[in-house]
file data_5.csv (CSV, C-alpha atoms and all ligand atoms)
chain,number,residue,atom,x,y,z
A,1,MET,CA,0.0,0.0,0.0
A,2,ASP,CA,1.3,3.4,-0.9
A,3,LEU,CA,-1.4,5.8,0.3
A,4,HIS,CA,-1.6,9.5,-0.8
A,5,TYR,CA,-4.3,11.9,0.5
A,6,TYR,CA,-5.5,14.8,-1.6
A,7,ASN,CA,-8.2,17.4,-1.7
A,8,LEU,CA,-11.2,16.4,-3.8
A,9,TRP,CA,-11.3,17.7,-7.3
A,10,SER,CA,-13.6,17.1,-10.3
A,11,HIS,CA,-11.2,14.6,-11.8
A,12,ASP,CA,-12.0,12.3,-8.9
A,13,PHE,CA,-15.7,12.3,-9.5
A,14,MET,CA,-15.9,9.1,-11.7
A,15,ARG,CA,-13.8,7.0,-9.3
A,16,ILE,CA,-15.8,8.2,-6.3
A,17,GLN,CA,-19.0,7.3,-7.9
A,18,MET,CA,-17.7,3.8,-8.7
A,19,LEU,CA,-16.6,3.3,-5.1
A,20,SER,CA,-19.9,4.7,-3.7
A,21,ASP,CA,-22.0,2.5,-6.0
A,22,LEU,CA,-20.1,-0.5,-4.6
A,23,VAL,CA,-20.4,0.6,-0.9
A,24,ASN,CA,-23.5,2.7,-0.5
A,25,GLY,CA,-25.6,1.7,-3.4
A,26,LYS,CA,-26.1,2.7,-7.0
A,27,ASP,CA,-26.2,6.5,-7.5
A,28,ALA,CA,-26.2,7.3,-3.7
A,29,VAL,CA,-23.5,9.7,-4.6
A,30,SER,CA,-24.1,11.5,-7.9
A,31,PHE,CA,-22.0,14.0,-9.9
A,32,ALA,CA,-24.5,16.7,-8.8
A,33,SER,CA,-23.9,15.8,-5.1
A,34,LEU,CA,-20.1,15.9,-5.8
A,35,GLU,CA,-20.4,19.3,-7.4
A,36,GLU,CA,-22.3,20.5,-4.4
A,37,ALA,CA,-19.6,19.1,-2.1
A,38,LEU,CA,-17.1,21.2,-4.0
A,39,ARG,CA,-19.3,24.3,-3.8
A,40,ARG,CA,-20.1,23.9,-0.1
A,41,GLY,CA,-16.9,22.3,1.0
A,42,ILE,CA,-14.6,25.1,-0.1
A,43,ASP,CA,-14.3,28.5,1.6
A,44,GLN,CA,-11.5,31.0,1.6
A,45,GLY,CA,-9.6,28.7,-0.7
A,46,LEU,CA,-9.6,25.8,1.8
A,47,ASN,CA,-11.2,22.5,0.7
A,48,CYS,CA,-12.7,20.3,3.5
A,49,ASN,CA,-13.2,17.3,1.1
A,50,TYR,CA,-10.5,14.6,0.9
A,51,VAL,CA,-9.8,11.6,-1.2
A,52,VAL,CA,-7.1,8.9,-0.8
A,53,TYR,CA,-5.4,6.9,-3.5
A,54,ASP,CA,-3.3,3.7,-3.3
A,55,LYS,CA,-0.4,4.6,-5.7
A,56,SER,CA,1.3,1.2,-5.6
A,57,PRO,CA,2.4,0.3,-9.1
A,58,ASP,CA,0.0,-2.6,-9.3
A,59,GLN,CA,-3.0,-0.5,-7.9
A,60,ASN,CA,-3.1,3.3,-8.5
A,61,LYS,CA,-6.7,3.5,-7.5
A,62,LEU,CA,-9.0,5.6,-5.3
A,63,VAL,CA,-9.6,3.7,-2.1
A,64,GLY,CA,-11.6,6.3,0.0
A,65,PHE,CA,-13.2,9.6,0.2
A,66,ARG,CA,-14.6,12.0,2.8
A,67,LEU,CA,-17.1,14.7,1.7
A,68,THR,CA,-17.5,17.6,4.2
A,69,TYR,CA,-19.3,20.9,3.9
A,70,ALA,CA,-17.4,23.8,5.5
A,71,PRO,CA,-18.9,25.7,8.5
A,72,GLY,CA,-21.2,28.5,7.3
A,73,MET,CA,-21.6,27.0,3.8
A,74,TRP,CA,-24.7,25.0,4.5
A,75,GLU,CA,-28.0,25.2,6.4
A,76,PRO,CA,-29.5,22.6,8.8
A,77,THR,CA,-32.2,20.6,7.1
A,78,LYS,CA,-35.4,19.1,8.6
A,79,TYR,CA,-33.3,16.1,9.7
A,80,HIS,CA,-31.0,18.3,11.9
A,81,SER,CA,-31.5,19.4,15.5
A,82,PRO,CA,-29.4,22.5,15.9
A,83,ASP,CA,-31.2,23.3,19.2
A,84,LYS,CA,-29.6,20.3,20.7
A,85,TRP,CA,-26.0,21.1,19.5
A,86,LYS,CA,-23.7,22.7,22.2
A,87,VAL,CA,-22.1,25.1,19.7
A,88,ASP,CA,-23.4,27.8,17.4
A,89,PRO,CA,-24.6,26.1,14.2
A,90,ILE,CA,-22.6,28.5,12.1
A,91,ARG,CA,-19.5,26.9,13.6
A,92,VAL,CA,-20.6,23.3,12.7
A,93,CYS,CA,-19.3,21.6,9.5
A,94,ARG,CA,-21.3,18.8,7.9
A,95,PHE,CA,-19.8,15.4,7.4
A,96,ASN,CA,-21.7,14.3,4.4
A,97,SER,CA,-20.4,11.0,3.1
A,98,VAL,CA,-17.5,8.7,3.7
A,99,ALA,CA,-16.4,5.4,2.3
A,100,VAL,CA,-13.3,3.2,2.3
A,101,HIS,CA,-12.9,0.4,-0.1
A,102,PRO,CA,-13.7,-3.0,1.6
A,103,ASP,CA,-10.2,-4.3,1.0
A,104,TYR,CA,-8.7,-1.3,2.8
A,105,ARG,CA,-10.9,-1.0,5.9
A,106,LEU,CA,-9.7,-1.1,9.6
A,107,ARG,CA,-6.3,0.3,8.7
A,108,GLY,CA,-6.9,3.8,9.9
A,109,ILE,CA,-7.9,5.3,6.5
A,110,GLY,CA,-11.3,6.5,7.7
A,111,ARG,CA,-9.8,8.1,10.7
A,112,GLN,CA,-7.1,9.9,8.6
A,113,LEU,CA,-9.7,11.2,6.2
A,114,MET,CA,-11.7,12.5,9.2
A,115,GLU,CA,-8.6,14.2,10.8
A,116,LYS,CA,-7.8,16.0,7.5
A,117,SER,CA,-11.3,17.3,7.1
A,118,ILE,CA,-11.4,18.4,10.8
A,119,GLU,CA,-8.0,20.2,10.4
A,120,THR,CA,-9.3,22.2,7.4
A,121,ALA,CA,-12.7,22.9,9.0
A,122,LYS,CA,-11.1,24.2,12.1
A,123,GLN,CA,-9.0,26.6,10.1
A,124,LEU,CA,-12.4,27.9,8.9
A,125,GLY,CA,-13.7,28.3,12.4
A,126,ALA,CA,-15.5,25.0,13.0
A,127,LYS,CA,-16.0,23.8,16.5
A,128,ALA,CA,-17.8,20.6,15.7
A,129,GLY,CA,-19.1,18.4,12.8
A,130,VAL,CA,-22.4,16.7,12.4
A,131,THR,CA,-23.5,13.8,10.3
A,132,HIS,CA,-26.2,11.2,9.8
A,133,VAL,CA,-24.7,7.8,10.5
A,134,TRP,CA,-26.0,5.0,8.2
A,135,MET,CA,-27.2,2.5,10.7
A,136,GLU,CA,-27.5,-0.3,8.2
A,137,SER,CA,-23.9,0.0,7.0
A,138,PRO,CA,-22.0,-3.3,6.5
A,139,ASP,CA,-20.8,-4.8,9.9
A,140,ASN,CA,-22.4,-1.7,11.6
A,141,SER,CA,-19.1,0.0,10.5
A,142,ALA,CA,-20.5,3.5,10.2
A,143,TYR,CA,-21.8,3.6,13.8
A,144,GLU,CA,-18.7,1.8,15.2
A,145,TYR,CA,-16.5,4.3,13.3
A,146,TRP,CA,-18.4,7.4,14.6
A,147,ALA,CA,-18.7,6.1,18.1
A,148,ARG,CA,-15.0,5.3,18.2
A,149,LEU,CA,-14.1,8.7,17.0
A,150,GLY,CA,-16.1,10.2,19.9
A,151,GLY,CA,-19.3,11.2,18.1
A,152,GLU,CA,-22.3,11.8,20.4
A,153,LEU,CA,-25.8,10.7,19.4
A,154,VAL,CA,-28.2,13.6,19.0
A,155,ARG,CA,-31.3,11.9,17.6
A,156,ILE,CA,-32.4,8.9,15.5
A,157,TRP,CA,-34.2,9.6,12.2
A,158,PRO,CA,-36.0,6.6,10.9
A,159,ASN,CA,-36.4,6.4,7.1
A,160,LYS,CA,-33.9,9.2,6.8
A,161,TRP,CA,-33.1,8.6,3.1
A,162,ALA,CA,-36.5,7.2,1.9
A,163,GLU,CA,-37.8,10.4,0.3
A,164,GLU,CA,-34.6,11.6,-1.3
A,165,TYR,CA,-33.6,8.1,-2.6
A,166,LYS,CA,-37.1,7.5,-4.1
A,167,GLU,CA,-37.0,10.8,-5.9
A,168,ARG,CA,-33.4,10.2,-7.2
A,169,LYS,CA,-34.1,6.5,-7.9
A,170,VAL,CA,-31.2,5.4,-5.8
A,171,ILE,CA,-30.7,1.6,-5.3
A,172,CYS,CA,-29.6,1.4,-1.7
A,173,ALA,CA,-26.9,-1.2,-0.9
A,174,ALA,CA,-28.9,-2.4,2.1
A,175,ASP,CA,-32.6,-2.1,1.0
A,176,GLY,CA,-32.6,-1.9,-2.8
A,177,GLU,CA,-35.3,0.4,-4.4
A,178,ASN,CA,-37.2,1.1,-1.2
A,179,CYS,CA,-34.6,2.4,1.1
A,180,ALA,CA,-35.8,2.5,4.7
A,181,CYS,CA,-32.5,3.0,6.4
A,182,THR,CA,-32.2,4.8,9.6
A,183,GLY,CA,-29.9,7.9,10.1
A,184,ALA,CA,-28.4,8.6,13.5
A,185,GLU,CA,-27.7,12.3,13.8
A,186,MET,CA,-24.3,12.4,15.6
A,187,ILE,CA,-22.1,15.3,16.5
A,188,LEU,CA,-18.3,15.4,17.1
A,189,TYR,CA,-16.9,18.3,19.1
A,190,PHE,CA,-13.4,19.4,18.2
A,191,ARG,CA,-10.5,20.2,20.5
A,192,GLU,CA,-8.9,23.6,20.6
A,193,THR,CA,-5.8,23.5,18.3
A,194,ASP,CA,-2.8,22.0,20.2
A,195,PRO,CA,0.3,21.4,18.1
A,196,GLU,CA,1.2,18.5,20.5
A,197,ALA,CA,-2.2,16.8,20.2
A,198,LYS,CA,-2.4,13.5,18.4
A,199,VAL,CA,-6.1,13.9,17.6
A,200,ASN,CA,-8.1,16.9,17.0
A,201,TYR,CA,-11.4,15.7,18.3
A,202,ILE,CA,-12.5,14.3,21.6
A,203,PRO,CA,-11.8,10.6,21.3
A,204,ILE,CA,-14.0,8.1,23.2
A,205,LYS,CA,-12.5,6.5,26.3
A,206,GLY,CA,-12.9,2.8,27.3
A,207,GLY,CA,-13.2,-0.5,25.7
A,208,PRO,CA,-14.8,-1.8,22.5
A,209,ILE,CA,-18.0,-0.3,21.2
A,210,GLY,CA,-20.9,-2.8,21.0
A,211,PRO,CA,-23.4,-2.9,18.2
A,212,TYR,CA,-25.9,-0.1,18.2
A,213,LYS,CA,-29.2,-1.1,19.9
A,214,GLY,CA,-31.8,1.4,19.0
B,301,LIG,C1,-17.1,3.5,8.1
B,301,LIG,C2,-15.8,3.4,7.3
B,301,LIG,C3,-15.6,4.6,6.4
B,301,LIG,C4,-14.6,3.2,8.3
B,301,LIG,O1,-13.4,3.3,7.5
B,301,LIG,P1,-12.1,2.5,8.1
B,301,LIG,O2,-10.9,3.0,7.2
B,301,LIG,O3,-12.3,1.1,8.1
B,301,LIG,O4,-12.0,3.1,9.5
B,301,LIG,P2,-10.7,3.1,10.5
B,301,LIG,O5,-9.8,1.9,10.2
B,301,LIG,O6,-10.0,4.5,10.3
B,301,LIG,O7,-11.3,3.0,11.9
B,301,LIG,C5,-11.5,4.1,12.8
B,301,LIG,C6,-12.0,3.5,14.1
B,301,LIG,O8,-13.3,2.9,13.9
B,301,LIG,C7,-13.3,1.6,14.3
B,301,LIG,N1,-14.1,0.8,13.3
B,301,LIG,C8,-14.3,1.0,12.0
B,301,LIG,N2,-15.1,0.1,11.4
B,301,LIG,C9,-15.4,-0.8,12.4
B,301,LIG,C10,-16.2,-2.0,12.5
B,301,LIG,N3,-16.7,-2.5,11.4
B,301,LIG,N4,-16.3,-2.6,13.7
B,301,LIG,C11,-15.7,-2.1,14.8
B,301,LIG,N5,-15.0,-1.0,14.8
B,301,LIG,C12,-14.8,-0.3,13.6
B,301,LIG,C13,-11.9,1.1,14.2
B,301,LIG,O9,-11.6,0.1,15.1
B,301,LIG,C14,-11.1,2.4,14.6
B,301,LIG,O10,-11.1,2.5,16.0
B,301,LIG,P3,-9.6,2.7,16.7
B,301,LIG,O11,-8.8,3.7,15.8
B,301,LIG,O12,-10.0,3.3,18.0
B,301,LIG,O13,-9.0,1.4,16.8
B,301,LIG,C15,-15.8,2.1,6.4
B,301,LIG,O14,-16.1,0.9,7.2
B,301,LIG,C16,-16.9,2.1,5.3
B,301,LIG,O15,-16.6,2.6,4.2
B,301,LIG,N6,-18.1,1.6,5.6
B,301,LIG,C17,-19.2,1.6,4.6
B,301,LIG,C18,-19.7,2.9,4.2
B,301,LIG,C19,-20.3,3.7,5.4
B,301,LIG,O16,-20.9,3.1,6.3
B,301,LIG,N7,-20.1,5.0,5.4
B,301,LIG,C20,-20.5,5.8,6.5
B,301,LIG,C21,-21.9,6.3,6.2
B,301,LIG,S1,-22.5,7.3,7.6

call {"tool": "encode", "arguments": {"input": "data_5.csv", "output": "structure tokens", "more": "lines below"}}
Ligand SMILES: CC(C)(COP(=O)(O)OP(=O)(O)OC[C@H]1O[C@@H](n2cnc3c(N)ncnc32)[C@H](O)[C@@H]1OP(=O)(O)O)[C@@H](O)C(=O)NCCC(=O)NCCS
result
Amino acid sequence: MDLHYYNLWSHDFMRIQMLSDLVNGKDAVSFASLEEALRRGIDQGLNCNYVVYDKSPDQNKLVGFRLTYAPGMWEPTKYHSPDKWKVDPIRVCRFNSVAVHPDYRLRGIGRQLMEKSIETAKQLGAKAGVTHVWMESPDNSAYEYWARLGGELVRIWPNKWAEEYKERKVICAADGENCACTGAEMILYFRETDPEAKVNYIPIKGGPIGPYKG
């Protein structure tokens, strides 16, 4: 493995869509949503979106991506609860979509992608980041990942993607045409910048995370 991390750019779109089709379901990430990620993820010349490539001679392929809207570049939707967040919503970035290729999981790539997005979002004034965790992800990986990074559960949204996916005719990797997946709204509060700190968010303490029991 020879991993290289870069900011997202339009030349990555095709590869991201192929990886997302495999992981999240067909068309869950579209070119339109990637263009929106660029529009909302960049502020003051800083891009909060990241991709990672394996540049080994026998590979040279995109193996992960992290899409993140910059603080102040998006507005909470009906599936957000800003009244429950402990920081000003204008200081919250939105972690939109993340995927790591199945062959590359559990090697710290998802964590690295998150750290890079956080570092950039903090430079733009972010104090926290919010997401909707896909509760039906393979091996419960999304919830385990978010919980391990220190994310706090805000609220459960049943059928989070049903309306949007029906309209966009997305074939969900878990449910097919009639997606009924649950989104767990989770928030991650960031540390103040400390050059000595190994992590930029507040990591969870204690032992292994069990499966989510809603
Ligand atoms: C979620 C996902 C991005 C994690 O990527 P990854 O590169 O495997 O994550 P990392 O190796 O950086 O793991 C980060 C932490 O989460 C934990 N974790 C990740 N997946 C886990 C799993 N399936 N079970 C238990 N813990 C898990 C790791 O142990 C690690 O904790 P540690 O650093 O304290 O040991 C990846 O599993 C994925 O693409 N899943 C499918 C798509 C998806 O669910 N996206 C999220 C939608 S909300």

call {"tool": "closest_atom_pairs", "arguments": {"input": "data_5.csv", "of": "chain A", "to": "ligand LIG 301 (chain B)", "cutoff": "6 Å", "atoms": "all atoms listed in the file", "output": "Markdown table"}}
result
| residue | atom | partner | partner_atom | distance |
| --- | --- | --- | --- | --- |
| A:Val23 | CA | B:LIG301 | C18 | 5.6 |
| A:Ser97 | CA | B:LIG301 | C21 | 5.8 |
| A:Val98 | CA | B:LIG301 | N7 | 4.8 |
| A:Ala99 | CA | B:LIG301 | O15 | 3.4 |
| A:Val100 | CA | B:LIG301 | O15 | 3.9 |
| A:Arg105 | CA | B:LIG301 | O3 | 3.3 |
| A:Leu106 | CA | B:LIG301 | O5 | 3.1 |
| A:Arg107 | CA | B:LIG301 | O5 | 4.1 |
| A:Gly108 | CA | B:LIG301 | O6 | 3.2 |
| A:Ile109 | CA | B:LIG301 | O2 | 3.8 |
| A:Gly110 | CA | B:LIG301 | O6 | 3.5 |
| A:Arg111 | CA | B:LIG301 | O6 | 3.6 |
| A:His132 | CA | B:LIG301 | S1 | 5.8 |
| A:Val133 | CA | B:LIG301 | S1 | 3.7 |
| A:Trp134 | CA | B:LIG301 | S1 | 4.2 |
| A:Ser137 | CA | B:LIG301 | O16 | 4.4 |
| A:Pro138 | CA | B:LIG301 | C17 | 6.0 |
| A:Asp139 | CA | B:LIG301 | N3 | 4.9 |
| A:Asn140 | CA | B:LIG301 | N3 | 5.8 |
| A:Ser141 | CA | B:LIG301 | N3 | 3.6 |
| A:Ala142 | CA | B:LIG301 | O16 | 3.9 |
| A:Glu144 | CA | B:LIG301 | N5 | 4.7 |
| A:Tyr145 | CA | B:LIG301 | O8 | 3.5 |
| A:Arg148 | CA | B:LIG301 | O8 | 5.2 |

call {"tool": "atom_distance", "arguments": {"input": "data_5.csv", "atom1": "atom CA of Arg91 of chain A", "atom2": "atom CA of Gln123 of chain A"}}
result
11.1 Å

call {"tool": "closest_residue", "arguments": {"input": "data_5.csv", "among": "A:Asn96, A:Thr182, A:Ser20, A:Ser33", "to": "Leu67 of chain A", "atoms": "all atoms listed in the file"}}
result
A:Asn96

call {"tool": "atom_distance", "arguments": {"input": "data_5.csv", "atom1": "atom CA of Gly45 of chain A", "atom2": "atom CA of Ala121 of chain A"}}
result
11.7 Å

call {"tool": "atom_distance", "arguments": {"input": "data_5.csv", "atom1": "atom CA of Tyr69 of chain A", "atom2": "atom CA of Tyr143 of chain A"}}
result
20.1 Å

call {"tool": "residues_near_point", "arguments": {"input": "data_5.csv", "point": "(-10.1, 17.9, -7.8)", "cutoff": "12 Å", "atoms": "all atoms listed in the file", "output": "MDAnalysis selection string"}}
result
chainID A and resid 5:16 34:35 37:39 41:42 47:52 65

call {"tool": "residues_around", "arguments": {"input": "data_5.csv", "residues": "segment 158-166 of chain A", "least_positions_apart": "5", "cutoff": "7 Å", "atoms": "only C-alpha atoms", "output": "list in words"}}
result
Asn178, Cys179, Ala180, Cys181, Thr182 and Gly183 of chain A

call {"tool": "residues_around", "arguments": {"input": "data_5.csv", "residues": "Ile118 of chain A", "least_positions_apart": "3", "cutoff": "9 Å", "atoms": "all atoms listed in the file", "output": "PDB file with C-alpha atoms, keeping the file's coordinate frame"}}
result
ATOM      1  CA  CYS A  48     -12.700  20.300   3.500  1.00  0.00           C
ATOM      2  CA  CYS A  93     -19.300  21.600   9.500  1.00  0.00           C
ATOM      3  CA  LEU A 113      -9.700  11.200   6.200  1.00  0.00           C
ATOM      4  CA  MET A 114     -11.700  12.500   9.200  1.00  0.00           C
ATOM      5  CA  GLU A 115      -8.600  14.200  10.800  1.00  0.00           C
ATOM      6  CA  ALA A 121     -12.700  22.900   9.000  1.00  0.00           C
ATOM      7  CA  LYS A 122     -11.100  24.200  12.100  1.00  0.00           C
ATOM      8  CA  GLN A 123      -9.000  26.600  10.100  1.00  0.00           C
ATOM      9  CA  ALA A 126     -15.500  25.000  13.000  1.00  0.00           C
ATOM     10  CA  ALA A 128     -17.800  20.600  15.700  1.00  0.00           C
ATOM     11  CA  GLY A 129     -19.100  18.400  12.800  1.00  0.00           C
ATOM     12  CA  PHE A 190     -13.400  19.400  18.200  1.00  0.00           C
ATOM     13  CA  ASN A 200      -8.100  16.900  17.000  1.00  0.00           C
ATOM     14  CA  TYR A 201     -11.400  15.700  18.300  1.00  0.00           C
TER      15      TYR A 201
END

call {"tool": "closest_residue", "arguments": {"input": "data_5.csv", "among": "A:Val63, A:Leu153, A:Leu124, A:Ala28", "to": "His101 of chain A", "atoms": "only C-alpha atoms"}}
result
A:Val63

call {"tool": "closest_residue", "arguments": {"input": "data_5.csv", "among": "A:Glu75, A:Leu19, A:Gly25, A:Ser56", "to": "Val170 of chain A", "atoms": "only C-alpha atoms"}}
result
A:Gly25

call {"tool": "decode", "arguments": {"input": "data_5.csv", "residues": "segment 57-123 of chain A", "atoms": "C-alpha atoms", "output": "PDB file, in the first residue's frame"}}
result
ATOM      1  CA  PRO A  57       2.412   0.316  -9.087  1.00  0.00           C
ATOM      2  CA  ASP A  58      -0.029  -2.589  -9.288  1.00  0.00           C
ATOM      3  CA  GLN A  59      -2.953  -0.522  -7.928  1.00  0.00           C
ATOM      4  CA  ASN A  60      -3.102   3.261  -8.528  1.00  0.00           C
ATOM      5  CA  LYS A  61      -6.734   3.507  -7.503  1.00  0.00           C
ATOM      6  CA  LEU A  62      -9.012   5.642  -5.332  1.00  0.00           C
ATOM      7  CA  VAL A  63      -9.630   3.741  -2.085  1.00  0.00           C
ATOM      8  CA  GLY A  64     -11.560   6.252   0.008  1.00  0.00           C
ATOM      9  CA  PHE A  65     -13.237   9.648   0.176  1.00  0.00           C
ATOM     10  CA  ARG A  66     -14.627  12.013   2.784  1.00  0.00           C
ATOM     11  CA  LEU A  67     -17.102  14.737   1.711  1.00  0.00           C
ATOM     12  CA  THR A  68     -17.465  17.624   4.157  1.00  0.00           C
ATOM     13  CA  TYR A  69     -19.346  20.923   3.924  1.00  0.00           C
ATOM     14  CA  ALA A  70     -17.435  23.840   5.476  1.00  0.00           C
ATOM     15  CA  PRO A  71     -18.904  25.715   8.465  1.00  0.00           C
ATOM     16  CA  GLY A  72     -21.224  28.484   7.340  1.00  0.00           C
ATOM     17  CA  MET A  73     -21.556  27.008   3.827  1.00  0.00           C
ATOM     18  CA  TRP A  74     -24.726  24.969   4.476  1.00  0.00           C
ATOM     19  CA  GLU A  75     -27.977  25.221   6.416  1.00  0.00           C
ATOM     20  CA  PRO A  76     -29.486  22.623   8.756  1.00  0.00           C
ATOM     21  CA  THR A  77     -32.232  20.565   7.108  1.00  0.00           C
ATOM     22  CA  LYS A  78     -35.405  19.139   8.635  1.00  0.00           C
ATOM     23  CA  TYR A  79     -33.274  16.149   9.682  1.00  0.00           C
ATOM     24  CA  HIS A  80     -31.001  18.266  11.896  1.00  0.00           C
ATOM     25  CA  SER A  81     -31.537  19.367  15.518  1.00  0.00           C
ATOM     26  CA  PRO A  82     -29.402  22.517  15.932  1.00  0.00           C
ATOM     27  CA  ASP A  83     -31.234  23.331  19.171  1.00  0.00           C
ATOM     28  CA  LYS A  84     -29.551  20.250  20.688  1.00  0.00           C
ATOM     29  CA  TRP A  85     -26.018  21.118  19.534  1.00  0.00           C
ATOM     30  CA  LYS A  86     -23.743  22.651  22.177  1.00  0.00           C
ATOM     31  CA  VAL A  87     -22.110  25.095  19.732  1.00  0.00           C
ATOM     32  CA  ASP A  88     -23.384  27.792  17.370  1.00  0.00           C
ATOM     33  CA  PRO A  89     -24.649  26.062  14.166  1.00  0.00           C
ATOM     34  CA  ILE A  90     -22.602  28.502  12.064  1.00  0.00           C
ATOM     35  CA  ARG A  91     -19.497  26.850  13.646  1.00  0.00           C
ATOM     36  CA  VAL A  92     -20.551  23.326  12.664  1.00  0.00           C
ATOM     37  CA  CYS A  93     -19.294  21.588   9.531  1.00  0.00           C
ATOM     38  CA  ARG A  94     -21.347  18.826   7.928  1.00  0.00           C
ATOM     39  CA  PHE A  95     -19.762  15.420   7.374  1.00  0.00           C
ATOM     40  CA  ASN A  96     -21.723  14.261   4.393  1.00  0.00           C
ATOM     41  CA  SER A  97     -20.442  11.004   3.066  1.00  0.00           C
ATOM     42  CA  VAL A  98     -17.476   8.744   3.700  1.00  0.00           C
ATOM     43  CA  ALA A  99     -16.435   5.415   2.258  1.00  0.00           C
ATOM     44  CA  VAL A 100     -13.338   3.244   2.315  1.00  0.00           C
ATOM     45  CA  HIS A 101     -12.945   0.367  -0.143  1.00  0.00           C
ATOM     46  CA  PRO A 102     -13.745  -2.961   1.597  1.00  0.00           C
ATOM     47  CA  ASP A 103     -10.190  -4.267   0.974  1.00  0.00           C
ATOM     48  CA  TYR A 104      -8.688  -1.276   2.806  1.00  0.00           C
ATOM     49  CA  ARG A 105     -10.874  -1.043   5.931  1.00  0.00           C
ATOM     50  CA  LEU A 106      -9.743  -1.134   9.567  1.00  0.00           C
ATOM     51  CA  ARG A 107      -6.295   0.270   8.730  1.00  0.00           C
ATOM     52  CA  GLY A 108      -6.935   3.827   9.930  1.00  0.00           C
ATOM     53  CA  ILE A 109      -7.858   5.330   6.543  1.00  0.00           C
ATOM     54  CA  GLY A 110     -11.327   6.501   7.651  1.00  0.00           C
ATOM     55  CA  ARG A 111      -9.766   8.114  10.719  1.00  0.00           C
ATOM     56  CA  GLN A 112      -7.089   9.870   8.626  1.00  0.00           C
ATOM     57  CA  LEU A 113      -9.705  11.222   6.221  1.00  0.00           C
ATOM     58  CA  MET A 114     -11.686  12.544   9.187  1.00  0.00           C
ATOM     59  CA  GLU A 115      -8.626  14.168  10.757  1.00  0.00           C
ATOM     60  CA  LYS A 116      -7.775  15.956   7.530  1.00  0.00           C
ATOM     61  CA  SER A 117     -11.307  17.297   7.131  1.00  0.00           C
ATOM     62  CA  ILE A 118     -11.378  18.419  10.762  1.00  0.00           C
ATOM     63  CA  GLU A 119      -8.042  20.208  10.446  1.00  0.00           C
ATOM     64  CA  THR A 120      -9.297  22.186   7.447  1.00  0.00           C
ATOM     65  CA  ALA A 121     -12.737  22.863   8.951  1.00  0.00           C
ATOM     66  CA  LYS A 122     -11.065  24.155  12.123  1.00  0.00           C
ATOM     67  CA  GLN A 123      -9.034  26.604  10.083  1.00  0.00           C
TER      68      GLN A 123
END
